[in-house]
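Chemist: So here's my_file23.txt (compact mmCIF, C-alpha atoms and all ligand atoms).
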```txt
# COMPACT_ATOMS: atom_id res chain seq x y z
CA MET A 1 130.37 -49.49 2.09
CA THR A 2 128.40 -52.57 3.16
CA SER A 3 124.81 -52.80 2.03
CA ALA A 4 121.75 -54.65 3.27
CA LEU A 5 120.65 -55.26 -0.32
CA TYR A 6 121.35 -58.05 -2.80
CA PRO A 7 124.40 -57.02 -4.79
CA THR A 8 122.68 -57.85 -8.10
CA PHE A 9 122.55 -54.32 -9.51
CA ALA A 10 125.41 -52.18 -10.83
CA ARG A 11 123.93 -48.96 -9.53
CA ALA A 12 125.20 -45.49 -10.39
CA ASP A 13 126.13 -43.51 -7.30
CA LEU A 14 123.20 -41.22 -7.76
CA ALA A 15 119.90 -40.93 -5.85
CA PHE A 16 116.89 -38.81 -6.67
CA GLU A 17 114.53 -37.11 -4.32
CA ARG A 18 111.93 -35.72 -6.67
CA GLY A 19 110.80 -35.79 -10.28
CA GLU A 20 108.72 -33.49 -12.43
CA GLY A 21 107.94 -34.09 -16.09
CA ILE A 22 111.15 -35.18 -17.77
CA ARG A 23 113.34 -33.91 -14.92
CA LEU A 24 114.79 -35.65 -11.88
CA TYR A 25 116.33 -33.84 -8.92
CA THR A 26 118.87 -35.08 -6.38
CA ALA A 27 118.61 -34.14 -2.71
CA ASP A 28 121.08 -31.31 -3.22
CA GLY A 29 119.03 -29.89 -6.08
CA GLU A 30 121.02 -31.13 -9.09
CA GLU A 31 118.78 -31.46 -12.14
CA TYR A 32 118.92 -34.27 -14.70
CA LEU A 33 117.03 -34.76 -17.96
CA ASP A 34 115.52 -38.22 -17.71
CA PHE A 35 116.00 -40.02 -21.03
CA ALA A 36 115.95 -43.36 -19.21
CA SER A 37 112.42 -43.07 -17.76
CA GLY A 38 113.17 -45.82 -15.27
CA ILE A 39 113.86 -48.12 -18.26
CA ALA A 40 111.01 -46.94 -20.49
CA VAL A 41 108.44 -46.85 -17.69
CA ASN A 42 107.57 -43.22 -16.92
CA SER A 43 105.51 -42.87 -20.09
CA VAL A 44 103.87 -39.59 -19.07
CA GLY A 45 106.76 -38.21 -17.03
CA HIS A 46 107.31 -37.85 -13.31
CA SER A 47 104.51 -36.66 -11.05
CA HIS A 48 102.02 -36.15 -13.85
CA PRO A 49 99.13 -34.27 -12.16
CA HIS A 50 96.47 -36.62 -13.57
CA LEU A 51 98.31 -39.69 -12.27
CA VAL A 52 99.06 -38.12 -8.90
CA GLU A 53 95.46 -37.06 -8.41
CA THR A 54 94.05 -40.42 -9.55
CA LEU A 55 96.40 -42.40 -7.31
CA ALA A 56 95.73 -40.18 -4.29
CA GLU A 57 91.97 -40.39 -4.77
CA GLN A 58 92.07 -44.17 -5.20
CA ALA A 59 94.39 -44.52 -2.18
CA LYS A 60 91.80 -42.78 -0.04
CA ARG A 61 89.06 -45.16 -1.21
CA LEU A 62 90.41 -48.68 -1.79
CA TRP A 63 93.80 -50.32 -2.39
CA HIS A 64 93.39 -54.04 -2.59
CA VAL A 65 90.65 -56.63 -2.46
CA SER A 66 92.14 -59.57 -4.48
CA ASN A 67 90.60 -61.27 -7.46
CA LEU A 68 88.10 -63.01 -5.22
CA TYR A 69 85.79 -60.14 -6.14
CA ARG A 70 84.85 -58.10 -9.17
CA ILE A 71 87.11 -55.08 -9.61
CA PRO A 72 85.25 -52.48 -11.69
CA GLU A 73 88.45 -50.53 -12.52
CA GLN A 74 89.92 -53.79 -13.87
CA ASP A 75 86.86 -54.44 -16.03
CA ARG A 76 87.17 -50.92 -17.39
CA LEU A 77 90.87 -51.20 -18.24
CA GLY A 78 90.30 -54.60 -19.87
CA GLU A 79 87.49 -53.16 -21.97
CA ARG A 80 89.58 -50.16 -23.03
CA LEU A 81 92.53 -52.36 -24.03
CA ALA A 82 90.18 -54.65 -25.98
CA GLU A 83 88.68 -51.62 -27.70
CA ALA A 84 92.10 -50.23 -28.67
CA THR A 85 93.87 -53.45 -29.74
CA PHE A 86 93.56 -56.85 -31.44
CA ALA A 87 92.68 -58.40 -28.06
CA ASP A 88 89.38 -59.52 -26.56
CA VAL A 89 90.57 -60.14 -22.98
CA SER A 90 93.33 -59.19 -20.52
CA PHE A 91 94.95 -60.79 -17.47
CA PHE A 92 96.60 -58.21 -15.20
CA THR A 93 99.98 -58.78 -13.56
CA ASN A 94 102.52 -56.83 -11.51
CA SER A 95 105.44 -56.95 -13.94
CA GLY A 96 106.57 -57.66 -17.46
CA ALA A 97 107.99 -61.07 -16.62
CA GLU A 98 104.66 -62.17 -15.16
CA ALA A 99 102.86 -60.88 -18.26
CA LEU A 100 105.21 -63.05 -20.36
CA GLU A 101 104.77 -66.07 -18.08
CA THR A 102 101.03 -65.68 -18.60
CA ALA A 103 101.56 -65.42 -22.36
CA ILE A 104 103.67 -68.60 -22.41
CA LYS A 105 101.12 -70.48 -20.28
CA THR A 106 98.26 -69.23 -22.45
CA ALA A 107 99.97 -70.56 -25.60
CA ARG A 108 100.67 -73.96 -24.04
CA ARG A 109 97.13 -74.32 -22.69
CA TYR A 110 95.67 -73.40 -26.09
CA HIS A 111 97.17 -76.50 -27.66
CA TYR A 112 96.36 -78.58 -24.60
CA ALA A 113 92.72 -77.53 -24.94
CA ASN A 114 92.88 -78.47 -28.62
CA GLY A 115 93.97 -82.00 -27.68
CA ALA A 116 97.63 -81.44 -28.60
CA PRO A 117 99.47 -81.16 -25.25
CA GLU A 118 102.73 -82.11 -26.95
CA ARG A 119 102.74 -78.69 -28.64
CA TYR A 120 104.39 -76.64 -25.93
CA ARG A 121 107.52 -75.24 -27.57
CA LEU A 122 107.96 -71.60 -28.55
CA ILE A 123 110.35 -70.22 -31.13
CA THR A 124 112.19 -67.18 -29.74
CA PHE A 125 114.93 -64.89 -31.06
CA GLU A 126 118.56 -64.13 -30.38
CA GLY A 127 118.98 -60.87 -28.49
CA ALA A 128 115.53 -61.25 -26.91
CA PHE A 129 114.71 -60.26 -23.37
CA HIS A 130 111.50 -61.41 -21.72
CA GLY A 131 112.22 -61.11 -17.99
CA ARG A 132 114.09 -62.81 -15.14
CA THR A 133 111.84 -65.66 -14.01
CA LEU A 134 113.04 -69.17 -14.76
CA ALA A 135 110.81 -69.53 -17.84
CA THR A 136 111.46 -66.05 -19.20
CA ILE A 137 115.26 -66.39 -18.94
CA ALA A 138 114.86 -69.62 -20.91
CA ALA A 139 112.73 -67.77 -23.46
CA GLY A 140 115.33 -65.00 -23.70
CA GLY A 141 118.02 -67.62 -24.08
CA GLN A 142 120.92 -65.43 -22.95
CA GLU A 143 123.65 -67.47 -21.32
CA LYS A 144 124.62 -64.68 -18.91
CA TYR A 145 121.14 -64.81 -17.34
CA LEU A 146 120.83 -68.62 -17.38
CA GLU A 147 124.20 -69.56 -15.92
CA GLY A 148 124.09 -71.15 -12.48
CA PHE A 149 120.33 -71.42 -12.20
CA GLY A 150 120.06 -75.15 -12.89
CA PRO A 151 118.50 -76.79 -15.91
CA LYS A 152 117.09 -74.33 -18.41
CA VAL A 153 113.29 -74.53 -18.54
CA ASP A 154 112.49 -76.70 -21.53
CA GLY A 155 110.40 -75.51 -24.44
CA PHE A 156 112.22 -72.69 -26.19
CA ASP A 157 113.99 -72.88 -29.55
CA GLN A 158 116.03 -69.84 -30.44
CA VAL A 159 116.80 -68.57 -33.95
CA PRO A 160 118.47 -65.42 -35.32
CA PHE A 161 116.33 -62.25 -35.25
CA GLY A 162 114.91 -61.49 -38.68
CA ASP A 163 115.74 -64.88 -40.24
CA LEU A 164 112.48 -66.28 -41.64
CA ASP A 165 114.11 -69.39 -43.10
CA ALA A 166 115.54 -70.25 -39.69
CA VAL A 167 112.06 -69.86 -38.16
CA LYS A 168 110.60 -72.14 -40.83
CA ALA A 169 113.29 -74.73 -40.18
CA ALA A 170 112.67 -74.61 -36.42
CA ILE A 171 108.94 -75.38 -36.68
CA GLY A 172 108.20 -78.96 -35.66
CA PRO A 173 105.33 -81.11 -34.37
CA GLN A 174 105.87 -79.75 -30.83
CA THR A 175 105.86 -76.07 -31.77
CA ALA A 176 103.11 -74.05 -30.09
CA GLY A 177 103.96 -70.56 -31.28
CA ILE A 178 106.45 -67.81 -31.97
CA LEU A 179 107.40 -65.18 -29.38
CA ILE A 180 108.97 -61.90 -30.51
CA GLU A 181 109.52 -58.30 -29.45
CA PRO A 182 108.45 -56.16 -32.45
CA VAL A 183 111.26 -53.85 -31.29
CA GLN A 184 113.97 -55.50 -29.20
CA GLY A 185 114.73 -53.20 -26.28
CA GLU A 186 117.44 -54.81 -24.15
CA GLY A 187 118.81 -56.40 -27.32
CA GLY A 188 119.74 -52.95 -28.66
CA ILE A 189 116.65 -51.22 -30.15
CA ARG A 190 116.42 -53.61 -33.06
CA VAL A 191 113.23 -53.08 -35.08
CA ALA A 192 111.71 -56.21 -36.66
CA PRO A 193 111.06 -55.42 -40.33
CA ASN A 194 107.36 -55.34 -41.29
CA ALA A 195 107.91 -58.05 -43.91
CA PHE A 196 109.42 -60.29 -41.24
CA LEU A 197 106.40 -59.91 -38.96
CA ARG A 198 104.13 -60.59 -41.94
CA GLY A 199 106.16 -63.72 -42.67
CA LEU A 200 105.80 -64.88 -39.05
CA ARG A 201 102.03 -64.34 -39.18
CA GLU A 202 101.80 -66.43 -42.36
CA LEU A 203 103.89 -69.21 -40.83
CA CYS A 204 101.67 -69.18 -37.75
CA ASP A 205 98.49 -69.34 -39.83
CA GLU A 206 99.83 -72.12 -42.06
CA ASN A 207 101.00 -74.23 -39.12
CA GLY A 208 98.31 -73.57 -36.50
CA LEU A 209 100.77 -71.64 -34.27
CA LEU A 210 100.12 -68.68 -32.02
CA LEU A 211 101.94 -65.41 -32.64
CA ILE A 212 102.96 -63.80 -29.35
CA TYR A 213 104.33 -60.29 -29.05
CA ASP A 214 106.31 -58.93 -26.15
CA GLU A 215 105.49 -55.22 -26.08
CA VAL A 216 106.56 -54.71 -22.49
CA GLN A 217 109.00 -52.03 -23.62
CA SER A 218 107.69 -50.95 -27.04
CA GLY A 219 104.03 -50.59 -26.03
CA VAL A 220 101.72 -47.86 -24.75
CA GLY A 221 102.69 -45.14 -27.20
CA ARG A 222 106.47 -45.55 -26.98
CA THR A 223 106.95 -45.87 -30.77
CA GLY A 224 104.27 -43.34 -31.73
CA LYS A 225 101.49 -45.92 -32.10
CA LEU A 226 99.65 -47.34 -29.10
CA PHE A 227 101.50 -50.59 -29.83
CA ALA A 228 104.50 -51.03 -32.09
CA TYR A 229 102.87 -53.88 -34.02
CA GLU A 230 100.45 -51.35 -35.52
CA TRP A 231 103.28 -50.04 -37.72
CA SER A 232 103.26 -53.40 -39.52
CA GLY A 233 99.52 -54.02 -39.40
CA VAL A 234 100.32 -57.58 -38.26
CA ALA A 235 98.28 -58.48 -35.18
CA PRO A 236 99.33 -61.20 -32.72
CA ASP A 237 97.16 -63.71 -30.88
CA ILE A 238 98.69 -62.97 -27.48
CA MET A 239 100.70 -59.99 -26.19
CA GLY A 240 102.54 -59.14 -22.98
CA ILE A 241 102.67 -55.51 -21.87
CA ALA A 242 103.91 -53.69 -18.74
CA LYS A 243 106.22 -50.71 -18.06
CA GLY A 244 104.47 -47.73 -19.74
CA ILE A 245 100.93 -48.83 -18.90
CA GLY A 246 101.60 -48.13 -15.22
CA GLY A 247 103.59 -44.94 -15.78
CA GLY A 248 105.71 -45.95 -12.75
CA PHE A 249 103.16 -48.01 -10.84
CA PRO A 250 104.24 -51.67 -11.09
CA MET A 251 101.80 -53.41 -13.40
CA GLY A 252 101.54 -55.46 -16.57
CA ALA A 253 99.03 -57.43 -18.57
CA CYS A 254 98.70 -60.32 -20.94
CA LEU A 255 96.26 -59.61 -23.77
CA ALA A 256 94.74 -62.32 -25.95
CA THR A 257 92.02 -63.12 -28.42
CA ASN A 258 89.04 -65.21 -27.33
CA GLU A 259 90.39 -68.06 -29.46
CA ALA A 260 93.92 -67.97 -28.02
CA VAL A 261 92.69 -67.82 -24.43
CA LYS A 262 90.44 -70.83 -24.67
CA GLY A 263 92.64 -73.08 -22.52
CA MET A 264 92.85 -70.57 -19.66
CA VAL A 265 89.76 -71.74 -17.87
CA HIS A 266 88.68 -71.19 -14.28
CA GLY A 267 91.43 -72.01 -11.78
CA VAL A 268 94.39 -72.65 -14.09
CA HIS A 269 96.16 -69.35 -13.42
CA GLY A 270 96.00 -66.62 -10.82
CA THR A 271 97.58 -63.73 -8.94
CA THR A 272 97.05 -62.09 -5.57
CA PHE A 273 98.05 -58.54 -6.43
CA GLY A 274 97.62 -58.36 -10.20
CA GLY A 275 94.91 -55.95 -11.30
CA ASN A 276 94.28 -54.42 -7.88
CA PRO A 277 92.27 -51.20 -7.65
CA LEU A 278 95.32 -48.95 -7.14
CA ALA A 279 97.13 -50.31 -10.21
CA MET A 280 93.99 -50.28 -12.32
CA ALA A 281 93.19 -46.67 -11.43
CA VAL A 282 96.66 -45.63 -12.55
CA GLY A 283 96.53 -47.77 -15.72
CA ASN A 284 93.26 -46.13 -16.70
CA ALA A 285 94.73 -42.69 -15.98
CA VAL A 286 97.72 -43.44 -18.24
CA LEU A 287 95.34 -44.45 -21.02
CA ASP A 288 93.33 -41.23 -20.52
CA ILE A 289 96.50 -39.36 -21.49
CA VAL A 290 97.95 -41.64 -24.16
CA LEU A 291 94.62 -42.13 -25.96
CA ALA A 292 93.72 -38.42 -25.88
CA PRO A 293 93.41 -36.96 -29.40
CA GLY A 294 96.77 -35.83 -30.75
CA PHE A 295 98.96 -37.55 -28.15
CA LEU A 296 100.38 -40.27 -30.39
CA GLN A 297 100.94 -37.72 -33.16
CA HIS A 298 102.90 -35.70 -30.61
CA VAL A 299 105.09 -38.76 -29.90
CA ARG A 300 105.71 -39.24 -33.63
CA ASP A 301 106.59 -35.57 -34.13
CA ALA A 302 108.84 -35.49 -31.07
CA GLY A 303 110.51 -38.73 -32.14
CA LEU A 304 111.23 -37.35 -35.59
CA ARG A 305 112.70 -34.11 -34.25
CA PHE A 306 114.88 -36.03 -31.80
CA ARG A 307 116.01 -38.53 -34.38
CA GLN A 308 116.93 -35.84 -36.90
CA GLY A 309 118.93 -34.05 -34.21
CA LEU A 310 120.73 -37.28 -33.32
CA ALA A 311 121.53 -37.85 -37.00
CA ARG A 312 123.14 -34.39 -37.11
CA ILE A 313 125.25 -35.31 -34.08
CA GLN A 314 126.24 -38.53 -35.83
CA ASP A 315 127.57 -36.39 -38.70
CA THR A 316 129.69 -34.31 -36.32
CA CYS A 317 130.92 -37.29 -34.26
CA PRO A 318 131.29 -40.17 -36.73
CA GLY A 319 133.92 -41.81 -34.53
CA VAL A 320 131.42 -42.16 -31.69
CA ILE A 321 128.08 -42.94 -33.35
CA GLU A 322 127.61 -45.68 -35.90
CA GLU A 323 123.85 -45.53 -36.35
CA ILE A 324 120.64 -44.11 -34.91
CA ARG A 325 117.95 -46.78 -34.52
CA GLY A 326 114.38 -47.14 -33.41
CA GLU A 327 110.92 -45.72 -33.80
CA GLY A 328 109.13 -42.80 -32.14
CA LEU A 329 110.66 -42.14 -28.72
CA MET A 330 112.27 -45.58 -28.47
CA LEU A 331 115.62 -44.62 -29.93
CA GLY A 332 119.09 -46.04 -29.65
CA ILE A 333 122.56 -44.79 -30.46
CA LYS A 334 124.52 -47.71 -31.84
CA CYS A 335 127.95 -46.66 -30.63
CA LYS A 336 131.34 -47.05 -32.25
CA ALA A 337 133.02 -46.08 -29.01
CA PRO A 338 132.16 -48.34 -26.03
CA ASN A 339 128.56 -47.56 -25.04
CA SER A 340 129.69 -47.35 -21.38
CA ALA A 341 131.82 -44.31 -22.33
CA VAL A 342 128.85 -42.68 -24.05
CA LEU A 343 126.50 -43.42 -21.14
CA SER A 344 128.89 -41.92 -18.63
CA ALA A 345 129.59 -38.84 -20.80
CA LEU A 346 125.84 -38.34 -21.08
CA ARG A 347 125.52 -38.56 -17.31
CA ASP A 348 128.30 -35.96 -16.96
CA GLN A 349 126.04 -33.72 -19.06
CA HIS A 350 123.11 -34.53 -16.78
CA VAL A 351 121.29 -36.63 -19.37
CA LEU A 352 120.19 -40.06 -18.11
CA SER A 353 120.12 -42.93 -20.60
CA VAL A 354 120.20 -46.74 -20.47
CA GLY A 355 122.66 -49.21 -21.94
CA ALA A 356 121.51 -52.07 -24.15
CA GLY A 357 122.97 -55.02 -26.02
CA ASP A 358 124.85 -54.59 -29.30
CA ASN A 359 126.78 -51.61 -27.86
CA VAL A 360 123.73 -49.36 -27.84
CA ALA A 361 122.80 -46.39 -25.63
CA ARG A 362 119.01 -46.23 -25.28
CA LEU A 363 117.19 -42.91 -25.24
CA VAL A 364 113.63 -43.36 -24.03
CA PRO A 365 112.35 -40.08 -22.55
CA PRO A 366 108.82 -39.58 -21.21
CA LEU A 367 106.41 -39.37 -24.16
CA THR A 368 105.22 -35.99 -22.91
CA ILE A 369 108.56 -34.35 -23.76
CA GLU A 370 108.36 -30.94 -25.43
CA ASN A 371 110.47 -29.56 -28.27
CA VAL A 372 112.38 -27.16 -26.05
CA ASP A 373 113.62 -30.07 -23.93
CA ILE A 374 114.45 -32.19 -26.96
CA ASP A 375 116.63 -29.34 -28.20
CA LEU A 376 118.24 -28.87 -24.80
CA ALA A 377 118.97 -32.60 -24.59
CA LEU A 378 120.41 -32.60 -28.12
CA ASP A 379 122.87 -29.85 -27.12
CA ARG A 380 123.96 -31.91 -24.13
CA ILE A 381 124.15 -35.15 -26.12
CA GLU A 382 126.34 -33.39 -28.68
CA ALA A 383 128.62 -32.12 -25.93
CA ALA A 384 128.82 -35.66 -24.50
CA CYS A 385 129.66 -37.19 -27.89
CA ARG A 386 132.31 -34.52 -28.50
CA ALA A 387 133.86 -35.31 -25.13
CA VAL A 388 133.96 -39.02 -26.00
CA SER A 389 135.40 -38.19 -29.41
CA ASP A 390 138.12 -35.92 -27.90
CA ASN A 391 138.94 -38.65 -25.43
CA LEU A 392 139.28 -41.25 -28.20
CA GLU A 393 141.61 -38.92 -30.12
CA THR A 394 143.73 -38.38 -27.02
CA VAL A 395 143.99 -42.11 -26.44
CA GLU A 396 144.88 -42.75 -30.10
CA ALA A 397 147.47 -39.95 -30.09
CA GLY A 398 149.06 -41.48 -27.00
CA GLN A 399 149.43 -44.91 -28.61
C1 LIG A 401 110.69 -56.66 -23.73
C2 LIG A 401 110.67 -56.95 -22.27
N1 LIG A 401 110.01 -58.02 -21.81
C3 LIG A 401 109.95 -58.31 -20.50
C4 LIG A 401 110.60 -57.54 -19.57
C5 LIG A 401 110.53 -57.90 -18.11
O1 LIG A 401 109.79 -56.95 -17.43
P1 LIG A 401 109.93 -56.83 -15.82
O2 LIG A 401 111.30 -56.34 -15.54
O3 LIG A 401 108.85 -55.85 -15.47
O4 LIG A 401 109.65 -58.19 -15.27
C6 LIG A 401 111.33 -56.42 -19.99
C7 LIG A 401 112.06 -55.59 -19.02
O5 LIG A 401 112.96 -54.86 -19.35
C8 LIG A 401 111.37 -56.12 -21.38
O6 LIG A 401 112.05 -55.07 -21.84
```
Could I get this file's structure written as C-alpha cells?
Ligand SMILES: Cc1ncc(COP(=O)(O)O)c(C=O)c1O
Modeler:
Amino acid sequence: MTSALYPTFARADLAFERGEGIRLYTADGEEYLDFASGIAVNSVGHSHPHLVETLAEQAKRLWHVSNLYRIPEQDRLGERLAEATFADVSFFTNSGAEALETAIKTARRYHYANGAPERYRLITFEGAFHGRTLATIAAGGQEKYLEGFGPKVDGFDQVPFGDLDAVKAAIGPQTAGILIEPVQGEGGIRVAPNAFLRGLRELCDENGLLLIYDEVQSGVGRTGKLFAYEWSGVAPDIMGIAKGIGGGFPMGACLATNEAVKGMVHGVHGTTFGGNPLAMAVGNAVLDIVLAPGFLQHVRDAGLRFRQGLARIQDTCPGVIEEIRGEGLMLGIKCKAPNSAVLSALRDQHVLSVGAGDNVARLVPPLTIENVDIDLALDRIEAACRAVSDNLETVEAGQ
C-alpha cells in the first residue's frame, strides 16, 4: 500500500479508535492492555476525566497567545515544578528533544556568562537517547541515528554508562557539564547506580561543571518518585522533562537553578508554541493527580507487585527472560530470546509494550494502573513468554 507519510516508522498494523484508563480499543472493538503508554507518555491513562475536563474547559477559553504575553497557567506550572524539585525556573517546550536542546544551550551559556566560552563540551553516555534533533543525536552518540546527516554536531564526548573513571578521564578544559539519564529508557531500562550519580555530582562540584539530567522518560512519577533522581538524593543543576508531564498533550520543559540559568538572558532563546495555555492547563492537571497524597506510593506499590510477578514468570520461563530491570512502573524484561519475538507474543496476547536497546522489552503502563489489571497483564505476559519458550524449543528440536 502506498502512503502519503514519511516511511520513517516501523508501524504495527494496528490502529486505535478510543482509549480508557489502561485500555485501548480498535475500531472493531478489540481491547488491548496498554503497557506502552505511547512510549511512557500517558502517565494517568487514556481519557482521564480530570484531563479531559481541563482540556475541554481551556479549549473553550483560550488556546494560544505566544510568549509575547504573560501566561498565568505557565507561571503556575513553573512555580509548582520549582516547589516540587531542585529547580528555581522552567522553560516550556513542545517535546523532549527541545527540552534537551534548551538544557544543552543553558549549560553552554552558563560558562559563556562566566567568561569561559571555550567550555561548551558535555560528557554523555553510551546507550543514551536524548532526541532526534541534530544536537540531541550528537549527544546520544548512536551511529544509527547520526549516519547520513552530515557532520556530527561538535561538543559531545561519550563514555561508558556507569564508568566514573572514564568520566574523570574525559573531563578537560573545554568541558561544560555531564548529561545523563538517571534511568536509560531507549538504552534498555538501565538504572544509574546511586553511587555513580553521587560520583558525578562530586566531579561536577570539583571541576565547576553542570550536572544535567534527562528525565524525559523517567520523570513525573514513572519510577515511584516525582523524579527518578530523588531515589539517589543527588540533585542536578539542569533537567529536561517531557512525556508524562503532558499525559498525552505534547509538551516538555527544561528546569534549572537560578545559578545554572544565568546565561539565558532576554532574547537568547525562544519558542512560539512552548508553554501555551492549552499545554499548561493539561500539565497542571497532570500534576494535580501525580502530586495528590498517596499517588506516588501507589506507583511504588504497583511497581513492586508487577515486578514480583515478572520475577515469577522469569522462574517459569528462564529461556526467555534473563533479568527484570527498572524502578517503579518503568520496568524492562531483558530478554534471552530476541526481544522482537517477546514483543510480538505480547501483542498476540493483547498486551502492548515497547522495544528498547540491549534486547529489552519495556513495560511502562499508565501510573494509575490497579492491581486487578496488573494481575491480568501478568497472566497474559506469562502466556506470551510460554509461547516464545515453546517456539524456541520447537526450533531447537528441529535443528
Ligand atoms: C530520555 C529521553 N530523552 C529525550 C527524548 C526525546 O523526546 P521527544 O521524542 O519528545 O523529542 C526521549 C524520547 O523517547 C527520551 O526517552
Chemist: Which is closer to A:Gly19 than all the others in A:Pro151, A:Ala103, A:Pro366, A:Asp288, using only C-alpha atoms?
Modeler: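 Comparing A:Pro151, A:Ala103, A:Pro366, A:Asp288 against A:Gly19, the winner is A:Pro366.
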Chemist: Using all atoms listed in the file, find each protein or nucleic acid residue lying at most 10 Å from ligand LIG 401 (chain A); present the set as a PyMOL selection string.
Modeler: chain A and resi 38-41+93-101+128-133+136-137+140+180-187+213-219+240-243+250-252
Chemist: For each of A:Gly275, A:Pro160, A:Gly263, A:Gly303, take the minimum atom-to-atom distance to A:Gly115, counting only C-alpha atoms, then give the residue where this is smallest.
Modeler: A:Gly263
Chemist: With only C-alpha atoms as the atoms that count, which of A:Ala281, A:Thr54, A:Thr257, A:Ser344 lies nearest to A:Asp13?
Modeler: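 Among the listed residues, A:Ser344 lies closest to A:Asp13.
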Chemist: What's the separation between atom CA of A:Leu209 and atom CA of A:Gly177, in Å to one decimal place?
Modeler: 4.5 Å
Chemist: Between atom CA of A:Gly326 and atom CA of A:Asp301, what is the spacing in Å?
Modeler: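 That distance, rounded to one decimal, is 14.0 Å.
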Chemist: Report as a tab-separated table: every residue of stretch 262-316 of chain A with an atom at most 12 Å from stretch 371-394 of chain A, its closest pair of atoms, and their distance in Å to one decimal, counting all atoms listed in the file, with rows sorted by chain and ascending residue number.
Modeler:
```
residue	atom	partner	partner_atom	distance
A:His298	CA	A:Asn371	CA	10.0
A:Val299	CA	A:Asn371	CA	10.8
A:Asp301	CA	A:Asn371	CA	9.2
A:Ala302	CA	A:Asn371	CA	6.8
A:Gly303	CA	A:Ile374	CA	9.2
A:Leu304	CA	A:Ile374	CA	10.6
A:Arg305	CA	A:Ile374	CA	7.7
A:Phe306	CA	A:Ile374	CA	6.2
A:Arg307	CA	A:Leu378	CA	9.7
A:Gln308	CA	A:Leu378	CA	10.0
A:Gly309	CA	A:Leu378	CA	6.4
A:Leu310	CA	A:Leu378	CA	7.0
A:Ala311	CA	A:Leu378	CA	10.4
A:Arg312	CA	A:Glu382	CA	9.1
A:Ile313	CA	A:Glu382	CA	5.8
A:Gln314	CA	A:Cys385	CA	8.7
A:Asp315	CA	A:Glu382	CA	10.5
A:Thr316	CA	A:Arg386	CA	8.2
```
Chemist: Show me, as a PyMOL selection string, the residues that have an atom within 9 Å of A:Lys225 when counting all atoms listed in the file, minus same-chain residues fewer than 2 positions from it.
Modeler: chain A and resi 219-223+227-231+296-297+299-300+328
Chemist: Pick out the residues sitting within 7 Å of A:Leu179, and hand them over as a list in words; count only C-alpha atoms, and ignore anything fewer than 4 positions along from it in its own chain.
Modeler: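 Result of the neighbour search: Leu122, Ile123, Thr124, Leu211, Ile212 and Tyr213 of chain A.
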